[in-house]
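This is my_file34.txt. It holds compact mmCIF, C-alpha atoms.
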# COMPACT_ATOMS: atom_id res chain seq x y z
CA MET F 1 -140.97 61.58 80.37
CA THR F 2 -138.68 58.68 80.67
CA GLY F 3 -135.65 58.07 78.56
CA ARG F 4 -132.22 59.51 78.91
CA ASP F 5 -129.56 61.26 76.87
CA PRO F 6 -128.38 61.04 74.12
CA SER F 7 -131.17 63.00 72.51
CA PRO F 8 -132.72 61.71 69.28
CA THR F 9 -132.47 64.95 67.28
CA ALA F 10 -131.39 68.45 68.17
CA ALA F 11 -131.86 71.86 66.57
CA THR F 12 -131.05 75.24 68.12
CA VAL F 13 -132.53 78.73 67.86
CA ILE F 14 -130.95 81.75 69.54
CA VAL F 15 -133.18 84.61 70.65
CA THR F 16 -131.92 87.95 71.92
CA ILE F 17 -134.26 89.33 74.61
CA ALA F 18 -133.78 93.09 74.90
CA ASP F 19 -135.39 93.41 78.32
CA GLU F 20 -137.98 91.83 80.59
CA ALA F 21 -140.85 93.33 78.57
CA ALA F 22 -139.57 91.48 75.49
CA LEU F 23 -140.17 88.18 77.29
CA GLY F 24 -143.93 88.49 76.66
CA PRO F 25 -143.94 87.69 72.92
CA LEU F 26 -141.37 84.94 73.44
CA ALA F 27 -143.39 83.36 76.26
CA ARG F 28 -146.61 83.55 74.20
CA ALA F 29 -144.88 81.80 71.27
CA LEU F 30 -143.70 79.07 73.64
CA ALA F 31 -147.05 78.65 75.37
CA ALA F 32 -148.82 78.38 72.01
CA THR F 33 -146.47 75.74 70.59
CA LEU F 34 -145.16 73.67 73.51
CA PRO F 35 -146.40 70.08 73.39
CA ALA F 36 -148.91 69.21 76.14
CA HIS F 37 -146.24 67.01 77.73
CA ALA F 38 -142.91 68.87 77.69
CA PHE F 39 -139.74 69.08 79.74
CA LEU F 40 -137.90 72.41 79.78
CA ALA F 41 -134.32 72.09 81.03
CA LEU F 42 -133.31 75.60 82.12
CA ASP F 43 -129.74 76.59 82.81
CA GLY F 44 -127.75 79.80 83.17
CA ASP F 45 -125.75 81.69 85.74
CA LEU F 46 -127.29 83.17 88.89
CA GLY F 47 -129.31 86.21 87.86
CA ALA F 48 -129.66 85.13 84.22
CA GLY F 49 -133.45 85.15 84.52
CA LYS F 50 -134.51 81.51 84.84
CA THR F 51 -137.35 82.18 87.30
CA THR F 52 -138.37 85.34 85.41
CA PHE F 53 -138.56 83.22 82.27
CA VAL F 54 -140.82 80.66 83.99
CA LYS F 55 -143.04 83.49 85.32
CA ALA F 56 -143.45 84.82 81.77
CA LEU F 57 -144.32 81.35 80.45
CA ALA F 58 -146.82 80.87 83.27
CA ALA F 59 -148.46 84.23 82.54
CA ALA F 60 -148.69 83.39 78.83
CA ALA F 61 -150.45 80.13 79.76
CA GLY F 62 -152.97 81.84 82.04
CA ILE F 63 -151.35 81.47 85.48
CA ASP F 64 -151.10 84.57 87.68
CA PRO F 65 -147.36 85.36 87.52
CA ALA F 66 -147.49 86.60 91.14
CA GLU F 67 -148.03 82.97 92.15
CA VAL F 68 -144.81 81.86 90.45
CA VAL F 69 -141.85 82.34 92.76
CA SER F 70 -138.49 80.65 92.91
CA PRO F 71 -138.89 77.18 94.42
CA THR F 72 -135.34 77.35 95.81
CA PHE F 73 -136.28 76.15 99.30
CA GLY F 74 -139.38 74.07 98.49
CA LEU F 75 -137.58 72.73 95.39
CA VAL F 76 -140.83 72.10 93.47
CA HIS F 77 -144.03 74.10 92.95
CA VAL F 78 -146.97 72.74 90.95
CA HIS F 79 -149.25 75.28 89.25
CA PRO F 80 -152.52 74.10 87.67
CA LEU F 81 -153.16 75.57 84.24
CA PRO F 82 -156.61 76.98 83.39
CA ASP F 83 -159.39 74.45 82.80
CA GLY F 84 -159.23 72.96 79.34
CA HIS F 85 -155.51 73.65 78.84
CA PRO F 86 -154.00 70.54 77.24
CA ALA F 87 -150.90 70.66 79.47
CA GLU F 88 -153.01 70.67 82.68
CA ARG F 89 -150.18 71.95 84.92
CA LEU F 90 -146.80 73.61 85.13
CA VAL F 91 -144.26 71.98 87.44
CA HIS F 92 -141.55 74.49 88.40
CA ALA F 93 -138.45 72.95 89.96
CA ASP F 94 -135.27 74.57 91.24
CA LEU F 95 -132.59 71.89 91.40
CA TYR F 96 -129.77 74.15 92.61
CA ARG F 97 -129.59 72.54 96.05
CA LEU F 98 -129.53 68.95 94.78
CA ALA F 99 -126.29 67.04 95.08
CA GLY F 100 -127.18 64.92 92.06
CA CYS F 101 -129.65 62.49 90.54
CA ASN F 102 -129.94 60.41 93.72
CA ASP F 103 -131.82 63.29 95.38
CA LEU F 104 -134.63 63.10 92.80
CA PHE F 105 -136.29 60.08 94.38
CA GLU F 106 -137.14 62.04 97.54
CA LEU F 107 -138.89 64.68 95.42
CA GLY F 108 -141.18 62.13 93.76
CA TRP F 109 -139.52 63.10 90.49
CA GLU F 110 -140.76 60.15 88.45
CA GLU F 111 -144.39 60.96 89.32
CA LEU F 112 -143.91 64.71 88.75
CA THR F 113 -142.38 64.21 85.31
CA ALA F 114 -144.62 61.36 84.15
CA ALA F 115 -147.90 63.21 84.75
CA PRO F 116 -149.37 65.40 81.99
CA GLY F 117 -148.03 68.92 81.83
CA TRP F 118 -144.97 71.06 81.44
CA VAL F 119 -141.94 70.65 83.69
CA ALA F 120 -139.62 73.67 83.91
CA ALA F 121 -136.48 72.58 85.77
CA GLU F 122 -133.98 75.28 86.73
CA TRP F 123 -130.35 74.16 87.14
CA SER F 124 -131.09 71.04 85.11
CA LYS F 125 -127.39 70.38 84.50
CA ARG F 126 -127.27 69.08 88.09
CA ILE F 127 -129.34 66.07 86.98
CA LYS F 128 -128.07 65.71 83.42
CA PRO F 129 -127.97 61.89 83.45
CA ALA F 130 -131.64 61.81 84.50
CA LEU F 131 -132.93 64.29 81.91
CA PRO F 132 -135.45 62.94 79.42
CA ALA F 133 -134.07 62.45 75.92
CA GLU F 134 -136.93 64.50 74.44
CA ARG F 135 -136.83 67.95 75.94
CA LEU F 136 -136.28 71.64 75.31
CA ASP F 137 -132.91 72.83 76.61
CA ILE F 138 -132.92 76.54 77.42
CA LEU F 139 -129.65 78.28 78.23
CA LEU F 140 -130.03 81.87 79.42
CA GLU F 141 -126.99 84.12 79.22
CA VAL F 142 -126.57 87.68 80.47
CA ALA F 143 -125.81 89.91 77.47
CA THR F 144 -126.10 93.31 79.21
CA GLU F 145 -127.64 94.57 82.44
CA THR F 146 -131.13 94.21 80.92
CA ALA F 147 -130.65 92.00 77.85
CA ARG F 148 -130.45 88.22 77.74
CA ARG F 149 -129.51 85.74 75.08
CA ALA F 150 -131.54 82.53 75.09
CA LEU F 151 -130.41 79.38 73.33
CA PHE F 152 -133.28 76.97 72.70
CA THR F 153 -132.28 73.45 71.71
CA GLY F 154 -135.17 71.15 70.86
CA ARG F 155 -134.31 67.53 71.43
CA GLY F 156 -136.94 65.49 69.62
CA ALA F 157 -139.33 66.01 66.73
CA ALA F 158 -142.12 67.28 69.01
CA PHE F 159 -140.22 70.57 69.38
CA ALA F 160 -139.90 71.33 65.64
CA PRO F 161 -143.06 73.54 65.52
CA LEU F 162 -141.87 75.44 68.58
CA LEU F 163 -138.43 76.09 67.07
CA ALA F 164 -140.06 77.28 63.83
CA ALA F 165 -142.21 79.72 65.83
CA LEU F 166 -139.13 80.99 67.70
CA ARG F 167 -137.21 81.52 64.44
CA ALA F 168 -139.98 83.90 63.35
CA LEU F 169 -139.49 86.17 66.40
CA PRO F 170 -137.57 89.45 66.18
CA GLY F 171 -134.00 88.93 67.38
CA ALA F 172 -133.97 85.21 66.53
CA SER F 173 -131.37 83.30 64.54
CA ALA F 174 -130.46 79.69 63.85
CA GLY F 175 -127.92 78.29 66.25
Rewritten as structure tokens:
Amino acid sequence: MTGRDPSPTAATVIVTIADEAALGPLARALAATLPAHAFLALDGDLGAGKTTFVKALAAAAGIDPAEVVSPTFGLVHVHPLPDGHPAERLVHADLYRLAGCNDLFELGWEELTAAPGWVAAEWSKRIKPALPAERLDILLEVATETARRALFTGRGAAFAPLLAALRALPGASAG
């Protein structure tokens, strides 16, 4: 997943998520259409639901969601996907404590992001210059106490099928 901004193409879909239960259909749509090698750049305020979102994606891909916890102190958790899954693994990173891109080397970031699988990086704006050009940007916003608004911006042609699937979901609109 090398390459840096600016992104080659970008299209946005906005999905309103009524509550945590509504994450299931969204996560299943993502898991079914994410490319086998994908970078998910997650951002949003504290409490917006970034880790909850990753848990839902993991569950939709066949990982026990109880195993997916915030990697705030370990920074990175690697979860193998079920045998035969084309993505092979889910890398869950919490970059909140990083000072910037220079801290990525100590994490083995190049190896983590180059290997097959999905990388879900919370607080990705902290490493914006190091983000791959082809990625899915996900901005989670608090709409109400239980509802969230998710802005999905696909950067690269590989995300076109995913954005089409998201547009078909209840509560979705073009951004």
Leaving out Ala41 (chain F) and any residue of its chain fewer than 3 positions from it, which residues lie within 12 Å of it when counting all atoms listed in the file, given as a ChimeraX atom specification? /F:38,44,50,53-54,91-95,118-128,130-140,151-155
When you draw a straight line from CA of Gly156 (chain F) to CA of Ala10 (chain F), how long is it in Å? 6.5 Å
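From CA of Ala143 (chain F) back to CA of Gly171 (chain F), the distance works out to 13.0 Å.
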Quote the spacing between CA of Ala147 (chain F) and CA of Val68 (chain F) in Å to one decimal place.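 The value is 21.5 Å.
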Could you name the residues that touch region 55-65 of chain F at 6 Å or less, counting all atoms listed in the file, but leaving out those on the same chain fewer than 4 positions away, as a PyMOL selection string? chain F and resi 27-28+31
Around all the atoms of region 149-154 of chain F listed in the file, with 4 Å of room on each side, what axis-aligned box do you get, giving centre and edge lengths in Å to one decimal, as JSON?
{"center_x": -132.3, "center_y": 78.4, "center_z": 73.0, "size_x": 13.7, "size_y": 22.6, "size_z": 12.2}
Could you pull region 59-168 of chain F out of the structure I just pasted and write it to a file containing C-alpha atoms, as a compact mmCIF listing (two decimals), in the first residue's frame?
# COMPACT_ATOMS: atom_id res chain seq x y z
CA ALA F 59 -17.69 -9.57 13.02
CA ALA F 60 -19.02 -9.30 9.46
CA ALA F 61 -15.77 -10.87 8.21
CA GLY F 62 -15.93 -13.78 10.67
CA ILE F 63 -13.75 -12.53 13.55
CA ASP F 64 -15.13 -12.80 17.08
CA PRO F 65 -15.91 -9.14 17.91
CA ALA F 66 -14.96 -9.79 21.56
CA GLU F 67 -11.36 -10.13 20.35
CA VAL F 68 -11.40 -6.67 18.80
CA VAL F 69 -10.55 -4.04 21.40
CA SER F 70 -9.08 -0.59 21.08
CA PRO F 71 -5.35 -0.86 20.40
CA THR F 72 -4.75 2.48 22.14
CA PHE F 73 -1.83 1.25 24.25
CA GLY F 74 -0.51 -1.54 22.01
CA LEU F 75 -1.11 0.70 18.97
CA VAL F 76 -1.62 -2.24 16.57
CA HIS F 77 -3.55 -5.52 16.77
CA VAL F 78 -3.48 -8.09 13.96
CA HIS F 79 -6.52 -10.37 13.61
CA PRO F 80 -6.37 -13.32 11.20
CA LEU F 81 -9.48 -13.69 9.07
CA PRO F 82 -11.10 -17.12 8.64
CA ASP F 83 -9.29 -19.60 6.38
CA GLY F 84 -9.94 -18.91 2.73
CA HIS F 85 -10.82 -15.23 3.22
CA PRO F 86 -9.11 -13.29 0.42
CA ALA F 87 -8.01 -10.49 2.77
CA GLU F 88 -6.24 -12.95 5.14
CA ARG F 89 -6.10 -10.51 8.08
CA LEU F 90 -7.40 -7.32 9.64
CA VAL F 91 -4.79 -4.94 11.03
CA HIS F 92 -6.38 -2.58 13.57
CA ALA F 93 -4.27 0.45 14.47
CA ASP F 94 -4.94 3.31 16.85
CA LEU F 95 -2.63 6.17 15.92
CA TYR F 96 -3.88 8.63 18.55
CA ARG F 97 -0.65 8.55 20.55
CA LEU F 98 1.65 9.06 17.56
CA ALA F 99 3.39 12.39 17.23
CA GLY F 100 3.51 12.03 13.45
CA CYS F 101 4.73 9.97 10.53
CA ASN F 102 8.22 9.50 11.99
CA ASP F 103 6.73 7.20 14.66
CA LEU F 104 5.50 4.73 12.02
CA PHE F 105 8.90 3.16 11.46
CA GLU F 106 9.01 1.79 15.01
CA LEU F 107 5.65 0.08 14.44
CA GLY F 108 6.89 -1.78 11.36
CA TRP F 109 4.27 0.15 9.42
CA GLU F 110 5.63 -0.59 5.94
CA GLU F 111 5.45 -4.35 6.60
CA LEU F 112 2.00 -4.12 8.22
CA THR F 113 0.52 -2.18 5.32
CA ALA F 114 2.29 -4.02 2.50
CA ALA F 115 1.09 -7.49 3.53
CA PRO F 116 -2.24 -8.82 2.23
CA GLY F 117 -5.29 -7.77 4.19
CA TRP F 118 -7.31 -4.88 5.47
CA VAL F 119 -5.76 -2.10 7.53
CA ALA F 120 -8.18 -0.08 9.68
CA ALA F 121 -6.28 2.90 11.07
CA GLU F 122 -8.02 5.04 13.69
CA TRP F 123 -6.89 8.68 13.93
CA SER F 124 -5.38 8.44 10.46
CA LYS F 125 -5.20 12.23 10.12
CA ARG F 126 -2.15 12.05 12.40
CA ILE F 127 -0.22 10.38 9.56
CA LYS F 128 -1.89 12.08 6.60
CA PRO F 129 1.33 12.50 4.57
CA ALA F 130 1.99 8.75 4.87
CA LEU F 131 -1.49 7.56 3.89
CA PRO F 132 -1.70 5.46 0.73
CA ALA F 133 -3.23 7.27 -2.24
CA GLU F 134 -5.73 4.44 -2.76
CA ARG F 135 -7.79 4.07 0.38
CA LEU F 136 -11.22 4.38 1.93
CA ASP F 137 -11.54 7.46 4.14
CA ILE F 138 -14.20 7.05 6.81
CA LEU F 139 -15.23 10.04 8.89
CA LEU F 140 -17.58 9.23 11.77
CA GLU F 141 -19.59 12.07 13.26
CA VAL F 142 -21.88 12.05 16.28
CA ALA F 143 -25.40 12.95 15.12
CA THR F 144 -27.28 12.17 18.36
CA GLU F 145 -26.55 10.18 21.50
CA THR F 146 -27.06 6.93 19.55
CA ALA F 147 -26.90 7.94 15.88
CA ARG F 148 -23.80 8.47 13.77
CA ARG F 149 -23.19 9.92 10.35
CA ALA F 150 -20.49 8.17 8.33
CA LEU F 151 -18.83 9.76 5.32
CA PHE F 152 -17.13 7.20 3.08
CA THR F 153 -14.74 8.59 0.50
CA GLY F 154 -13.27 6.03 -1.86
CA ARG F 155 -9.94 7.12 -3.24
CA GLY F 156 -9.21 4.89 -6.21
CA ALA F 157 -11.21 2.81 -8.66
CA ALA F 158 -10.99 -0.32 -6.48
CA PHE F 159 -13.56 1.24 -4.12
CA ALA F 160 -16.24 1.93 -6.76
CA PRO F 161 -18.13 -1.38 -6.11
CA LEU F 162 -18.05 -0.71 -2.38
CA LEU F 163 -19.45 2.82 -2.78
CA ALA F 164 -22.21 1.47 -5.06
CA ALA F 165 -23.14 -1.09 -2.37
CA LEU F 166 -23.19 1.63 0.29
CA ARG F 167 -25.45 3.87 -1.85
CA ALA F 168 -28.01 1.05 -1.84
